[in-house]
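Chemist: The following file, structure10.cif, comprises mmCIF, C-alpha atoms:
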data_target
loop_
_atom_site.label_atom_id
_atom_site.label_comp_id
_atom_site.auth_asym_id
_atom_site.auth_seq_id
_atom_site.Cartn_x
_atom_site.Cartn_y
_atom_site.Cartn_z
CA MET Z 1 -73.58 102.44 -35.46
CA SER Z 2 -72.75 101.86 -31.85
CA GLU Z 3 -75.24 100.46 -29.40
CA ASN Z 4 -74.39 103.37 -27.10
CA LEU Z 5 -75.73 105.92 -29.61
CA ILE Z 6 -79.01 104.02 -29.94
CA LYS Z 7 -79.49 103.91 -26.18
CA LYS Z 8 -78.49 107.56 -25.88
CA TYR Z 9 -80.88 108.92 -28.48
CA ASN Z 10 -83.79 106.49 -28.12
CA VAL Z 11 -85.94 109.04 -26.29
CA GLN Z 12 -89.49 110.17 -26.87
CA ALA Z 13 -89.55 112.39 -29.94
CA PRO Z 14 -92.19 113.80 -32.30
CA ARG Z 15 -92.40 112.68 -35.92
CA TYR Z 16 -92.61 116.30 -37.07
CA THR Z 17 -95.39 116.10 -39.59
CA SER Z 18 -96.01 119.62 -38.30
CA TYR Z 19 -94.30 122.29 -36.27
CA PRO Z 20 -95.42 123.09 -33.67
CA THR Z 21 -96.44 119.50 -32.99
CA VAL Z 22 -100.11 118.94 -32.16
CA PRO Z 23 -99.67 118.62 -28.34
CA TYR Z 24 -98.19 122.15 -28.33
CA TRP Z 25 -100.86 123.86 -30.35
CA GLU Z 26 -102.04 126.85 -28.32
CA ASN Z 27 -105.68 126.74 -29.43
CA ASN Z 28 -105.41 130.47 -30.12
CA LEU Z 29 -107.56 130.34 -33.23
CA SER Z 30 -111.28 131.13 -33.31
CA PRO Z 31 -113.48 129.74 -36.12
CA GLY Z 32 -113.59 133.22 -37.63
CA GLN Z 33 -109.81 133.53 -37.57
CA TRP Z 34 -109.46 130.09 -39.14
CA GLU Z 35 -111.74 131.05 -42.01
CA LYS Z 36 -109.73 134.25 -42.48
CA GLU Z 37 -106.46 132.30 -42.65
CA VAL Z 38 -107.90 129.79 -45.12
CA LYS Z 39 -109.19 132.55 -47.37
CA LYS Z 40 -105.86 134.41 -47.21
CA SER Z 41 -103.90 131.32 -48.24
CA PHE Z 42 -106.45 130.41 -50.93
CA ASP Z 43 -106.41 133.87 -52.50
CA LYS Z 44 -102.61 133.93 -52.45
CA THR Z 45 -101.89 130.50 -53.95
CA ASN Z 46 -104.91 128.96 -55.66
CA ALA Z 47 -104.15 130.44 -59.08
CA THR Z 48 -100.47 129.47 -59.00
CA GLU Z 49 -100.19 126.15 -57.18
CA GLY Z 50 -103.72 125.05 -56.33
CA ILE Z 51 -104.81 123.32 -53.12
CA SER Z 52 -104.59 119.84 -51.64
CA LEU Z 53 -107.39 117.85 -50.03
CA TYR Z 54 -107.13 115.09 -47.45
CA ILE Z 55 -110.40 113.21 -46.83
CA HIS Z 56 -110.56 111.01 -43.74
CA LEU Z 57 -112.82 107.97 -44.04
CA PRO Z 58 -112.74 106.49 -40.52
CA PHE Z 59 -114.69 103.24 -40.77
CA CYS Z 60 -113.04 99.82 -40.42
CA GLN Z 61 -114.64 96.38 -40.15
CA SER Z 62 -112.10 95.19 -37.56
CA LEU Z 63 -109.68 96.78 -35.12
CA CYS Z 64 -105.95 96.66 -35.94
CA THR Z 65 -104.42 96.84 -32.48
CA TYR Z 66 -101.19 98.56 -33.59
CA CYS Z 67 -103.05 101.44 -35.28
CA GLY Z 68 -102.80 105.02 -34.03
CA CYS Z 69 -105.37 106.50 -36.42
CA THR Z 70 -108.86 107.79 -35.62
CA THR Z 71 -111.21 104.95 -36.54
CA ARG Z 72 -114.76 103.72 -36.02
CA ILE Z 73 -115.20 99.94 -36.00
CA THR Z 74 -118.43 98.70 -37.57
CA VAL Z 75 -119.79 96.15 -40.02
CA ASN Z 76 -122.81 98.35 -40.73
CA HIS Z 77 -122.28 99.80 -44.20
CA ALA Z 78 -125.39 101.94 -43.86
CA VAL Z 79 -123.09 104.53 -42.24
CA GLU Z 80 -121.48 105.29 -45.61
CA LYS Z 81 -124.17 107.51 -47.08
CA THR Z 82 -124.61 109.70 -43.99
CA TYR Z 83 -120.89 110.25 -43.71
CA ILE Z 84 -120.51 111.15 -47.39
CA ASN Z 85 -123.29 113.72 -47.10
CA ALA Z 86 -121.52 115.27 -44.11
CA VAL Z 87 -118.16 115.50 -45.86
CA LEU Z 88 -119.78 117.11 -48.90
CA LYS Z 89 -121.52 119.62 -46.64
CA GLU Z 90 -118.19 120.52 -45.01
CA TRP Z 91 -116.64 120.93 -48.47
CA GLY Z 92 -119.57 123.11 -49.51
CA MET Z 93 -118.88 125.44 -46.58
CA TYR Z 94 -115.31 125.90 -47.80
CA LEU Z 95 -116.55 126.48 -51.36
CA ASP Z 96 -118.77 129.29 -50.06
CA LEU Z 97 -115.76 130.75 -48.27
CA PHE Z 98 -113.54 130.63 -51.36
CA GLN Z 99 -116.04 132.30 -53.71
CA ASN Z 100 -113.70 131.52 -56.62
CA LYS Z 101 -113.32 128.07 -58.16
CA PRO Z 102 -110.60 126.03 -56.38
CA ARG Z 103 -107.87 124.36 -58.42
CA ILE Z 104 -107.20 120.87 -57.03
CA ARG Z 105 -103.57 119.74 -57.06
CA GLU Z 106 -103.82 116.70 -54.78
CA ILE Z 107 -106.49 114.50 -53.22
CA HIS Z 108 -105.71 111.74 -50.76
CA LEU Z 109 -108.26 109.37 -49.23
CA GLY Z 110 -107.08 108.05 -45.88
CA GLY Z 111 -108.54 106.31 -42.89
CA GLY Z 112 -109.68 104.15 -41.36
CA THR Z 113 -110.26 102.08 -44.44
CA PRO Z 114 -111.35 104.07 -47.51
CA THR Z 115 -112.17 100.80 -49.28
CA PHE Z 116 -114.71 100.05 -46.53
CA PHE Z 117 -116.90 102.30 -48.70
CA SER Z 118 -118.48 100.79 -51.79
CA PRO Z 119 -117.16 101.88 -55.20
CA ALA Z 120 -120.51 103.54 -55.90
CA HIS Z 121 -120.36 105.60 -52.70
CA LEU Z 122 -116.74 106.60 -53.33
CA LYS Z 123 -117.80 107.78 -56.78
CA GLU Z 124 -120.64 109.78 -55.24
CA LEU Z 125 -118.20 111.38 -52.81
CA LEU Z 126 -115.62 112.27 -55.45
CA ASP Z 127 -118.21 113.48 -57.95
CA GLY Z 128 -119.44 115.86 -55.27
CA ILE Z 129 -115.93 117.06 -54.44
CA LEU Z 130 -115.00 117.64 -58.09
CA LEU Z 131 -118.30 119.17 -59.22
CA LYS Z 132 -117.28 122.82 -58.77
CA VAL Z 133 -113.52 122.70 -59.14
CA GLU Z 134 -110.79 122.83 -61.75
CA VAL Z 135 -108.34 119.94 -61.65
CA CYS Z 136 -104.75 121.09 -62.13
CA LYS Z 137 -102.65 119.65 -64.91
CA ASN Z 138 -100.57 116.75 -63.52
CA ALA Z 139 -102.79 116.59 -60.41
CA GLU Z 140 -102.21 113.51 -58.26
CA PHE Z 141 -105.01 111.58 -56.58
CA SER Z 142 -104.16 108.73 -54.21
CA PHE Z 143 -105.93 106.46 -51.77
CA GLU Z 144 -105.18 103.92 -49.07
CA GLY Z 145 -106.54 100.44 -49.62
CA HIS Z 146 -106.83 97.34 -47.47
CA PRO Z 147 -105.62 94.32 -49.50
CA ASN Z 148 -108.46 92.18 -48.15
CA ASN Z 149 -111.31 94.39 -49.36
CA THR Z 150 -109.92 96.46 -52.24
CA THR Z 151 -111.78 95.07 -55.23
CA TYR Z 152 -111.24 95.44 -58.96
CA GLU Z 153 -114.33 97.67 -58.96
CA HIS Z 154 -112.73 99.98 -56.35
CA LEU Z 155 -109.58 100.26 -58.43
CA LYS Z 156 -111.42 100.78 -61.71
CA THR Z 157 -113.90 103.33 -60.34
CA LEU Z 158 -111.27 105.47 -58.65
CA HIS Z 159 -108.94 105.30 -61.65
CA GLU Z 160 -111.73 106.59 -63.87
CA LEU Z 161 -112.08 109.50 -61.41
CA GLY Z 162 -108.41 110.39 -61.83
CA PHE Z 163 -106.69 108.32 -59.15
CA THR Z 164 -103.25 107.07 -60.21
CA ARG Z 165 -101.60 106.28 -56.88
CA LEU Z 166 -102.45 103.44 -54.50
CA SER Z 167 -101.05 102.76 -51.03
CA LEU Z 168 -101.51 99.33 -49.46
CA GLY Z 169 -101.07 98.70 -45.75
CA ILE Z 170 -98.93 95.57 -45.47
CA GLN Z 171 -97.07 95.96 -42.15
CA ASP Z 172 -95.61 92.41 -42.04
CA PHE Z 173 -96.32 89.08 -43.73
CA ASP Z 174 -95.45 86.94 -40.67
CA ILE Z 175 -98.71 85.27 -39.61
CA LYS Z 176 -97.79 85.43 -35.89
CA VAL Z 177 -97.24 89.18 -36.15
CA GLN Z 178 -100.42 89.62 -38.17
CA GLN Z 179 -102.45 87.70 -35.63
CA ILE Z 180 -101.24 89.63 -32.58
CA VAL Z 181 -101.99 92.98 -34.24
CA ASN Z 182 -105.27 91.63 -35.73
CA ARG Z 183 -104.28 92.38 -39.33
CA VAL Z 184 -104.26 89.06 -41.16
CA GLN Z 185 -103.85 89.45 -44.91
CA PRO Z 186 -102.30 86.75 -47.10
CA PHE Z 187 -99.57 87.60 -49.61
CA GLU Z 188 -101.90 86.38 -52.36
CA ASN Z 189 -104.38 89.19 -51.59
CA VAL Z 190 -101.66 91.82 -51.85
CA GLU Z 191 -100.35 90.29 -55.04
CA LYS Z 192 -103.83 90.25 -56.60
CA VAL Z 193 -104.57 93.92 -55.82
CA THR Z 194 -101.11 95.04 -56.97
CA LYS Z 195 -101.44 93.23 -60.29
CA GLN Z 196 -104.96 94.52 -60.88
CA ALA Z 197 -103.91 98.11 -60.15
CA ARG Z 198 -101.05 97.89 -62.63
CA ASP Z 199 -103.26 96.32 -65.27
CA ILE Z 200 -105.79 99.13 -64.87
CA GLY Z 201 -103.07 101.80 -65.22
CA TYR Z 202 -102.05 103.01 -61.76
CA LYS Z 203 -98.65 104.62 -62.21
CA SER Z 204 -97.40 104.39 -58.61
CA ILE Z 205 -98.00 101.83 -55.87
CA ASN Z 206 -96.79 102.23 -52.30
CA PHE Z 207 -96.52 99.56 -49.59
CA ASP Z 208 -96.61 100.54 -45.91
CA LEU Z 209 -94.39 98.33 -43.74
CA ILE Z 210 -93.77 98.63 -40.01
CA TYR Z 211 -90.77 97.53 -37.97
CA GLY Z 212 -90.85 97.07 -34.22
CA LEU Z 213 -94.21 95.30 -34.09
CA PRO Z 214 -94.95 92.76 -31.33
CA LEU Z 215 -93.38 89.32 -31.90
CA GLN Z 216 -91.53 90.64 -34.95
CA LYS Z 217 -88.12 89.08 -35.54
CA LYS Z 218 -85.33 89.61 -38.02
CA SER Z 219 -86.58 86.55 -39.90
CA SER Z 220 -90.01 88.22 -40.21
CA VAL Z 221 -88.49 91.29 -41.82
CA ILE Z 222 -86.36 89.22 -44.21
CA ASP Z 223 -89.37 87.17 -45.33
CA THR Z 224 -91.52 90.29 -45.72
CA ILE Z 225 -88.96 92.21 -47.78
CA ASN Z 226 -88.35 89.14 -49.98
CA LYS Z 227 -92.06 88.95 -50.75
CA VAL Z 228 -92.34 92.70 -51.27
CA SER Z 229 -89.41 92.56 -53.69
CA VAL Z 230 -91.31 90.13 -55.89
CA LEU Z 231 -94.10 92.70 -56.34
CA LYS Z 232 -91.69 95.67 -56.68
CA PRO Z 233 -93.86 98.60 -55.54
CA ASP Z 234 -92.67 102.03 -56.66
CA ARG Z 235 -92.47 103.35 -53.10
CA ILE Z 236 -92.14 101.82 -49.66
CA ALA Z 237 -92.74 103.44 -46.30
CA LEU Z 238 -90.85 101.55 -43.58
CA TYR Z 239 -92.24 103.06 -40.42
CA SER Z 240 -91.17 102.61 -36.84
CA TYR Z 241 -94.05 101.23 -34.79
CA ALA Z 242 -95.22 103.98 -32.45
CA HIS Z 243 -96.15 102.42 -29.13
CA VAL Z 244 -98.42 104.94 -27.41
CA PRO Z 245 -100.94 102.90 -25.35
CA TRP Z 246 -101.61 105.93 -23.13
CA ILE Z 247 -103.17 107.54 -26.24
CA LYS Z 248 -104.44 104.41 -28.03
CA PRO Z 249 -105.62 101.83 -25.42
CA ARG Z 250 -106.07 99.27 -28.24
CA GLN Z 251 -102.28 98.83 -28.06
CA ARG Z 252 -102.64 97.29 -24.61
CA LYS Z 253 -103.69 94.05 -26.32
CA PHE Z 254 -99.98 93.22 -26.06
CA THR Z 255 -97.26 94.36 -23.68
CA GLU Z 256 -93.82 95.94 -23.91
CA LYS Z 257 -92.36 92.46 -23.38
CA ASP Z 258 -93.69 91.52 -26.82
CA LEU Z 259 -91.86 94.41 -28.51
CA PRO Z 260 -88.31 94.50 -29.88
CA GLU Z 261 -86.45 97.43 -28.34
CA ASP Z 262 -83.33 99.54 -28.86
CA GLU Z 263 -80.60 97.61 -30.71
CA GLU Z 264 -82.92 94.74 -31.61
CA LYS Z 265 -85.50 97.11 -33.09
CA ARG Z 266 -82.87 99.09 -34.95
CA GLU Z 267 -81.50 95.87 -36.43
CA LEU Z 268 -84.94 95.21 -37.93
CA TYR Z 269 -84.78 98.56 -39.72
CA GLU Z 270 -81.18 98.13 -40.87
CA THR Z 271 -82.02 94.67 -42.19
CA GLY Z 272 -84.97 96.04 -44.15
CA ARG Z 273 -83.03 99.06 -45.41
CA THR Z 274 -80.09 96.97 -46.61
CA MET Z 275 -82.36 94.55 -48.45
CA LEU Z 276 -84.35 97.35 -50.07
CA GLU Z 277 -81.22 99.11 -51.25
CA LYS Z 278 -80.03 95.88 -52.88
CA GLU Z 279 -83.36 95.83 -54.74
CA GLY Z 280 -82.74 99.31 -56.13
CA TYR Z 281 -84.66 101.41 -53.61
CA VAL Z 282 -83.19 104.69 -52.37
CA GLU Z 283 -83.84 106.01 -48.87
CA ILE Z 284 -85.79 109.28 -49.04
CA GLY Z 285 -85.92 111.57 -46.02
CA MET Z 286 -87.08 109.56 -42.99
CA ASP Z 287 -88.77 106.14 -43.25
CA HIS Z 288 -89.38 106.32 -47.02
CA PHE Z 289 -87.84 104.50 -49.98
CA ALA Z 290 -88.42 104.89 -53.70
CA LEU Z 291 -87.22 103.46 -56.98
CA LYS Z 292 -85.19 105.87 -59.11
CA SER Z 293 -88.04 105.95 -61.63
CA ASP Z 294 -90.44 107.37 -59.01
CA SER Z 295 -91.25 111.07 -58.66
CA LEU Z 296 -90.41 111.00 -54.94
CA TYR Z 297 -86.80 110.07 -55.74
CA LYS Z 298 -86.61 112.72 -58.45
CA ALA Z 299 -87.97 115.36 -56.07
CA ALA Z 300 -85.38 114.40 -53.45
CA GLN Z 301 -82.60 114.75 -56.03
CA MET Z 302 -83.87 118.21 -57.00
CA LYS Z 303 -84.33 119.18 -53.32
CA GLY Z 304 -88.05 119.55 -53.96
CA LEU Z 305 -89.44 117.19 -51.33
CA HIS Z 306 -92.27 118.43 -49.13
CA ARG Z 307 -93.59 116.94 -45.89
CA ASN Z 308 -97.04 117.31 -44.41
CA PHE Z 309 -99.54 115.33 -42.34
CA MET Z 310 -99.74 112.71 -45.09
CA GLY Z 311 -95.96 112.15 -45.13
CA TYR Z 312 -93.60 113.01 -47.97
CA THR Z 313 -94.81 114.32 -51.30
CA HIS Z 314 -93.04 115.62 -54.38
CA SER Z 315 -95.44 118.52 -54.88
CA HIS Z 316 -96.28 121.41 -52.58
CA THR Z 317 -99.36 123.46 -51.94
CA GLU Z 318 -99.49 126.09 -49.25
CA LEU Z 319 -103.12 125.24 -48.49
CA MET Z 320 -104.02 121.69 -47.50
CA LEU Z 321 -107.58 121.16 -46.30
CA GLY Z 322 -108.62 118.16 -44.26
CA LEU Z 323 -112.22 116.99 -44.53
CA GLY Z 324 -113.90 114.47 -42.23
CA VAL Z 325 -113.46 113.55 -38.58
CA SER Z 326 -110.01 114.24 -37.05
CA SER Z 327 -108.64 115.64 -40.32
CA ILE Z 328 -105.91 118.27 -40.01
CA SER Z 329 -105.68 121.33 -42.24
CA ASP Z 330 -102.69 123.58 -42.90
CA THR Z 331 -102.60 127.07 -44.42
CA TRP Z 332 -98.84 127.27 -43.66
CA TYR Z 333 -99.60 130.11 -41.24
CA ALA Z 334 -102.20 128.21 -39.21
CA PHE Z 335 -103.27 124.66 -38.37
CA SER Z 336 -106.65 123.26 -37.42
CA GLN Z 337 -108.03 119.82 -36.62
CA ASN Z 338 -111.59 118.58 -36.87
CA VAL Z 339 -113.41 116.93 -33.99
CA LYS Z 340 -112.62 113.24 -33.55
CA VAL Z 341 -116.07 111.80 -32.81
CA VAL Z 342 -118.38 111.09 -35.75
CA GLU Z 343 -121.54 112.17 -33.94
CA GLU Z 344 -120.02 115.50 -32.88
CA TYR Z 345 -118.84 116.04 -36.44
CA TYR Z 346 -122.42 115.61 -37.66
CA GLN Z 347 -123.86 117.87 -34.95
CA LEU Z 348 -121.59 120.81 -35.76
CA LEU Z 349 -122.23 120.53 -39.49
CA ASN Z 350 -125.99 120.40 -38.83
CA LYS Z 351 -125.54 123.77 -37.07
CA ASN Z 352 -123.72 125.06 -40.18
CA GLN Z 353 -120.46 125.27 -38.24
CA LEU Z 354 -117.10 124.04 -39.45
CA PRO Z 355 -116.38 121.02 -37.20
CA LEU Z 356 -113.20 122.43 -35.65
CA PHE Z 357 -111.70 120.91 -32.52
CA ARG Z 358 -108.43 122.81 -32.04
CA GLY Z 359 -105.97 124.98 -33.90
CA HIS Z 360 -102.81 127.03 -33.82
CA LEU Z 361 -101.85 130.36 -35.35
CA LEU Z 362 -98.11 130.25 -36.04
CA SER Z 363 -95.94 133.04 -34.65
CA SER Z 364 -93.04 134.54 -36.60
CA GLU Z 365 -90.71 132.33 -34.53
CA ASP Z 366 -92.82 129.26 -35.31
CA LEU Z 367 -92.52 129.95 -39.03
CA ILE Z 368 -88.74 130.22 -38.91
CA ILE Z 369 -88.30 127.06 -36.86
CA ARG Z 370 -90.83 125.23 -39.02
CA LYS Z 371 -88.75 126.08 -42.09
CA HIS Z 372 -85.56 124.69 -40.52
CA ILE Z 373 -87.25 121.49 -39.37
CA MET Z 374 -88.83 121.03 -42.82
CA ASN Z 375 -85.42 121.54 -44.46
CA ILE Z 376 -83.82 118.91 -42.24
CA MET Z 377 -86.66 116.44 -42.80
CA CYS Z 378 -86.72 116.92 -46.59
CA ARG Z 379 -83.22 118.04 -47.58
CA LEU Z 380 -81.05 116.80 -44.70
CA GLU Z 381 -79.65 120.30 -44.34
CA THR Z 382 -80.65 123.84 -43.44
CA SER Z 383 -79.07 127.30 -43.46
CA TRP Z 384 -79.57 130.73 -41.91
CA PHE Z 385 -77.61 133.20 -44.03
CA ASP Z 386 -80.48 135.71 -44.13
CA LYS Z 387 -81.94 137.51 -41.13
CA GLU Z 388 -85.39 136.24 -42.06
CA ASP Z 389 -84.15 132.71 -41.26
CA GLN Z 390 -82.78 133.66 -37.86
CA THR Z 391 -84.37 133.83 -34.43
CA GLY Z 392 -83.05 133.69 -30.90
CA GLU Z 393 -84.30 130.13 -30.50
CA LEU Z 394 -82.17 129.07 -33.48
CA TYR Z 395 -79.03 129.77 -31.50
CA ASN Z 396 -80.39 127.85 -28.52
CA ALA Z 397 -80.91 124.93 -30.89
CA LEU Z 398 -77.34 125.16 -32.15
CA GLY Z 399 -76.15 124.92 -28.57
CA ARG Z 400 -78.19 121.76 -28.05
CA LEU Z 401 -76.69 120.28 -31.22
CA LYS Z 402 -73.09 120.45 -30.01
CA GLU Z 403 -73.22 116.95 -28.57
CA MET Z 404 -74.76 115.59 -31.77
CA GLU Z 405 -71.95 117.25 -33.71
CA TYR Z 406 -69.45 115.56 -31.39
CA ASP Z 407 -71.22 112.22 -31.98
CA GLY Z 408 -70.91 112.70 -35.75
CA LEU Z 409 -74.63 113.13 -36.46
CA ILE Z 410 -74.33 116.60 -38.01
CA GLN Z 411 -71.72 118.78 -39.65
CA ARG Z 412 -71.76 122.45 -38.63
CA LEU Z 413 -70.68 125.22 -40.98
CA PRO Z 414 -70.74 128.96 -40.12
CA HIS Z 415 -74.35 129.50 -41.26
CA SER Z 416 -75.59 126.03 -42.12
CA LEU Z 417 -75.99 122.48 -40.90
CA ILE Z 418 -75.74 119.18 -42.79
CA VAL Z 419 -77.01 115.82 -41.54
CA THR Z 420 -74.32 113.17 -41.90
CA GLU Z 421 -74.87 109.62 -43.11
CA GLU Z 422 -74.84 108.46 -39.49
CA GLY Z 423 -77.20 111.29 -38.53
CA LYS Z 424 -79.92 110.14 -40.96
CA LYS Z 425 -80.86 107.53 -38.36
CA PHE Z 426 -81.49 110.26 -35.79
CA ILE Z 427 -83.40 112.89 -37.79
CA ARG Z 428 -86.17 113.12 -35.20
CA ASN Z 429 -83.57 113.87 -32.50
CA ILE Z 430 -81.89 116.54 -34.63
CA CYS Z 431 -85.21 118.24 -35.33
CA MET Z 432 -86.09 118.06 -31.64
CA ALA Z 433 -83.14 120.34 -30.85
CA PHE Z 434 -84.99 123.11 -32.73
CA ASP Z 435 -88.34 122.52 -31.00
CA ALA Z 436 -88.77 125.66 -28.91
CA HIS Z 437 -92.22 124.65 -27.64
CA LEU Z 438 -90.96 121.32 -26.36
CA TRP Z 439 -87.92 122.80 -24.62
CA ARG Z 440 -89.95 125.56 -22.97
CA ASN Z 441 -92.57 123.13 -21.75
CA SER Z 442 -91.07 119.66 -21.42
CA PRO Z 443 -93.90 117.12 -21.19
CA LYS Z 444 -94.59 115.85 -17.69
CA LYS Z 445 -96.15 112.71 -19.09
CA GLU Z 446 -95.67 110.50 -22.13
CA ILE Z 447 -97.02 112.08 -25.31
CA PHE Z 448 -94.65 110.86 -28.07
CA SER Z 449 -93.34 107.51 -29.22
CA LYS Z 450 -89.61 106.73 -28.99
CA ALA Z 451 -87.30 108.00 -31.70
CA ILE Z 452 -85.91 104.56 -32.61
#
Let's see the structure in the file written out as structure tokens.
Modeler:
Amino acid sequence: MSENLIKKYNVQAPRYTSYPTVPYWENNLSPGQWEKEVKKSFDKTNATEGISLYIHLPFCQSLCTYCGCTTRITVNHAVEKTYINAVLKEWGMYLDLFQNKPRIREIHLGGGTPTFFSPAHLKELLDGILLKVEVCKNAEFSFEGHPNNTTYEHLKTLHELGFTRLSLGIQDFDIKVQQIVNRVQPFENVEKVTKQARDIGYKSINFDLIYGLPLQKKSSVIDTINKVSVLKPDRIALYSYAHVPWIKPRQRKFTEKDLPEDEEKRELYETGRTMLEKEGYVEIGMDHFALKSDSLYKAAQMKGLHRNFMGYTHSHTELMLGLGVSSISDTWYAFSQNVKVVEEYYQLLNKNQLPLFRGHLLSSEDLIIRKHIMNIMCRLETSWFDKEDQTGELYNALGRLKEMEYDGLIQRLPHSLIVTEEGKKFIRNICMAFDAHLWRNSPKKEIFSKAI
């Protein structure tokens, strides 16, 4: 891959966990409309595919300066009980809305640090969530754990509640990198948690790694991948560090001078990718790798991958509800996000109001473009043979893609598009060509991280 292509396409670009992307939501959704959209999606799909739940647990004992998530830093574990009660109240409001018993297909605990909470409190939370539901056959429950505080009791308790997937945030094993991003965790801690999880019976373990971190060098990536290879997780997410200090001031703890950029940053990814492929991992979609024994790989082979705010998944539910501060929900036809401040979240629930912050009701054009972007992200191709897959903005997008076709990033056929091997490195750029909201209202300030 030429250095010229990297420089050319290393522009600010969304990650497309949704379309429209959050900065372009029109906030055209009242609480009443949101409830109507949730109920419509629930009634349509609960009996056939069930629903997914994402539960955001925001508390962390220390601040990781690279992190872009909504967090609350505290060492006061007395906050656990109050927060659990609030989440269960929010869930109860949705249960009242549903009227019928929900069928749970997926649960994911994210954060923050879910393992900040004690095993007993996590059990209390999950018992409350599962009290009035039916769990689907082959349901998948997963959680994010910090290697430094995920105990055997956490693993055992959650496994007994049905959790079979664990994701550990590793980022990088280089101590200099760990220190500058305030995320110091020895390899031995990761090894211990991984072994315990396997002994207990977890069937899939994911490691999150990040390239492009401050002070990170090629040698850091090589050492990290070598250590990861010893533990052989089933999945690996190799994310590009998103430097957005205008959104997350914590990232101003270091400067752009500390960051690898352009060709140097891309070399970090290519180094990691090459090493992972030699270890038997297959690149899935964007930023993800899986062993051939893993369901994510099998879904990719069967063109059954799905992408949502939690990343890639091999199963799909039309309705995904987010509980807790900052959580995002998706009915497929509408999005909403909860308020981001814990105290405001409590206040709204105390008033018996869903704690909504903003939302977006998708137009017919949004739905068509969303489908094409999802296809590119998950299948590396899309097509528009039928009128229902066509819209005027599609043809504008095809015009924008001419240069990418010339650069060998895509292959155009009369009514379809295929991402080439070279184009896999520029998926965000390809999707951006379809982004009608972005092209109609180009941002006048920085709102996205760079594509590479």
Chemist: So how many Å separate atom CA of Ser336 of chain Z and atom CA of Pro23 of chain Z, to one decimal?
Modeler: 12.4 Å
Chemist: Quick one: contact table of segment 255-332 of chain Z to segment 8-11 of chain Z, 12 Å max, nearest atom pair and distance in Å to one decimal per residue, counting all atoms listed in the file, chain and number order, as a tab-separated table?
Modeler:
residue	atom	partner	partner_atom	distance
Z:Glu261	CA	Z:Asn10	CA	9.4
Z:Asp262	CA	Z:Asn10	CA	7.0
Z:Glu263	CA	Z:Asn10	CA	9.8
Z:Lys265	CA	Z:Asn10	CA	10.8
Z:Arg266	CA	Z:Asn10	CA	10.1
Chemist: Looking at all atoms listed in the file, which of Z:Leu231, Z:Leu109, Z:Leu158, Z:Leu259 is the one that sits closest to Val177 of chain Z?
Modeler: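 For Val177 of chain Z, the nearest of the candidates is Z:Leu259.
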Chemist: Running the PyMOL selection byres ((chain Z and resi 356-370) around 7) on this model by hand, what would come out? Give it as JSON, numbers by chain.
Modeler: {"Z": [19, 20, 25, 26, 27, 28, 29, 333, 334, 335, 336, 337, 338, 339, 354, 355, 371, 372, 373, 374, 389, 390, 391, 434]}
Chemist: Using C-alpha atoms, can you write the selected residues to a file as a PDB file, in the frame of the given file?
Modeler:
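The result, stored in selection.pdb:
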ATOM      1  CA  TYR Z  19     -94.300 122.290 -36.270  1.00  0.00           C
ATOM      2  CA  PRO Z  20     -95.420 123.090 -33.670  1.00  0.00           C
ATOM      3  CA  TRP Z  25    -100.860 123.860 -30.350  1.00  0.00           C
ATOM      4  CA  GLU Z  26    -102.040 126.850 -28.320  1.00  0.00           C
ATOM      5  CA  ASN Z  27    -105.680 126.740 -29.430  1.00  0.00           C
ATOM      6  CA  ASN Z  28    -105.410 130.470 -30.120  1.00  0.00           C
ATOM      7  CA  LEU Z  29    -107.560 130.340 -33.230  1.00  0.00           C
ATOM      8  CA  TYR Z 333     -99.600 130.110 -41.240  1.00  0.00           C
ATOM      9  CA  ALA Z 334    -102.200 128.210 -39.210  1.00  0.00           C
ATOM     10  CA  PHE Z 335    -103.270 124.660 -38.370  1.00  0.00           C
ATOM     11  CA  SER Z 336    -106.650 123.260 -37.420  1.00  0.00           C
ATOM     12  CA  GLN Z 337    -108.030 119.820 -36.620  1.00  0.00           C
ATOM     13  CA  ASN Z 338    -111.590 118.580 -36.870  1.00  0.00           C
ATOM     14  CA  VAL Z 339    -113.410 116.930 -33.990  1.00  0.00           C
ATOM     15  CA  LEU Z 354    -117.100 124.040 -39.450  1.00  0.00           C
ATOM     16  CA  PRO Z 355    -116.380 121.020 -37.200  1.00  0.00           C
ATOM     17  CA  LYS Z 371     -88.750 126.080 -42.090  1.00  0.00           C
ATOM     18  CA  HIS Z 372     -85.560 124.690 -40.520  1.00  0.00           C
ATOM     19  CA  ILE Z 373     -87.250 121.490 -39.370  1.00  0.00           C
ATOM     20  CA  MET Z 374     -88.830 121.030 -42.820  1.00  0.00           C
ATOM     21  CA  ASP Z 389     -84.150 132.710 -41.260  1.00  0.00           C
ATOM     22  CA  GLN Z 390     -82.780 133.660 -37.860  1.00  0.00           C
ATOM     23  CA  THR Z 391     -84.370 133.830 -34.430  1.00  0.00           C
ATOM     24  CA  PHE Z 434     -84.990 123.110 -32.730  1.00  0.00           C
TER      25      PHE Z 434
END
Chemist: For a test of reading the model, state the distance in Å between atom CA of Met432 of chain Z and atom CA of Ala397 of chain Z, rounded to one decimal.
Modeler: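 Computing it gives 8.6 Å between the two atoms.
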Chemist: Would you please work out which residue, of Z:Val228, Z:Val79, Z:Ala300, Z:Leu168, is nearest to Ser204 of chain Z when using only C-alpha atoms?
Modeler: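 Checking each candidate against Ser204 of chain Z, we get Z:Leu168 as the closest.
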Chemist: Report as a list of chain:residue names all protein, DNA and RNA residues lying within 6 Å of segment 140-148 of chain Z, evaluated on only C-alpha atoms, omitting residues in the same chain fewer than 4 positions from it.
Modeler: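 Residues near the query, excluding close chain neighbours: Z:Glu106, Z:Ile107, Z:His108, Z:Leu109, Z:Gly110, Z:Thr115, Z:Phe163, Z:Arg165, Z:Leu166, Z:Ser167, Z:Leu168, Z:Asn189, Z:Val190.
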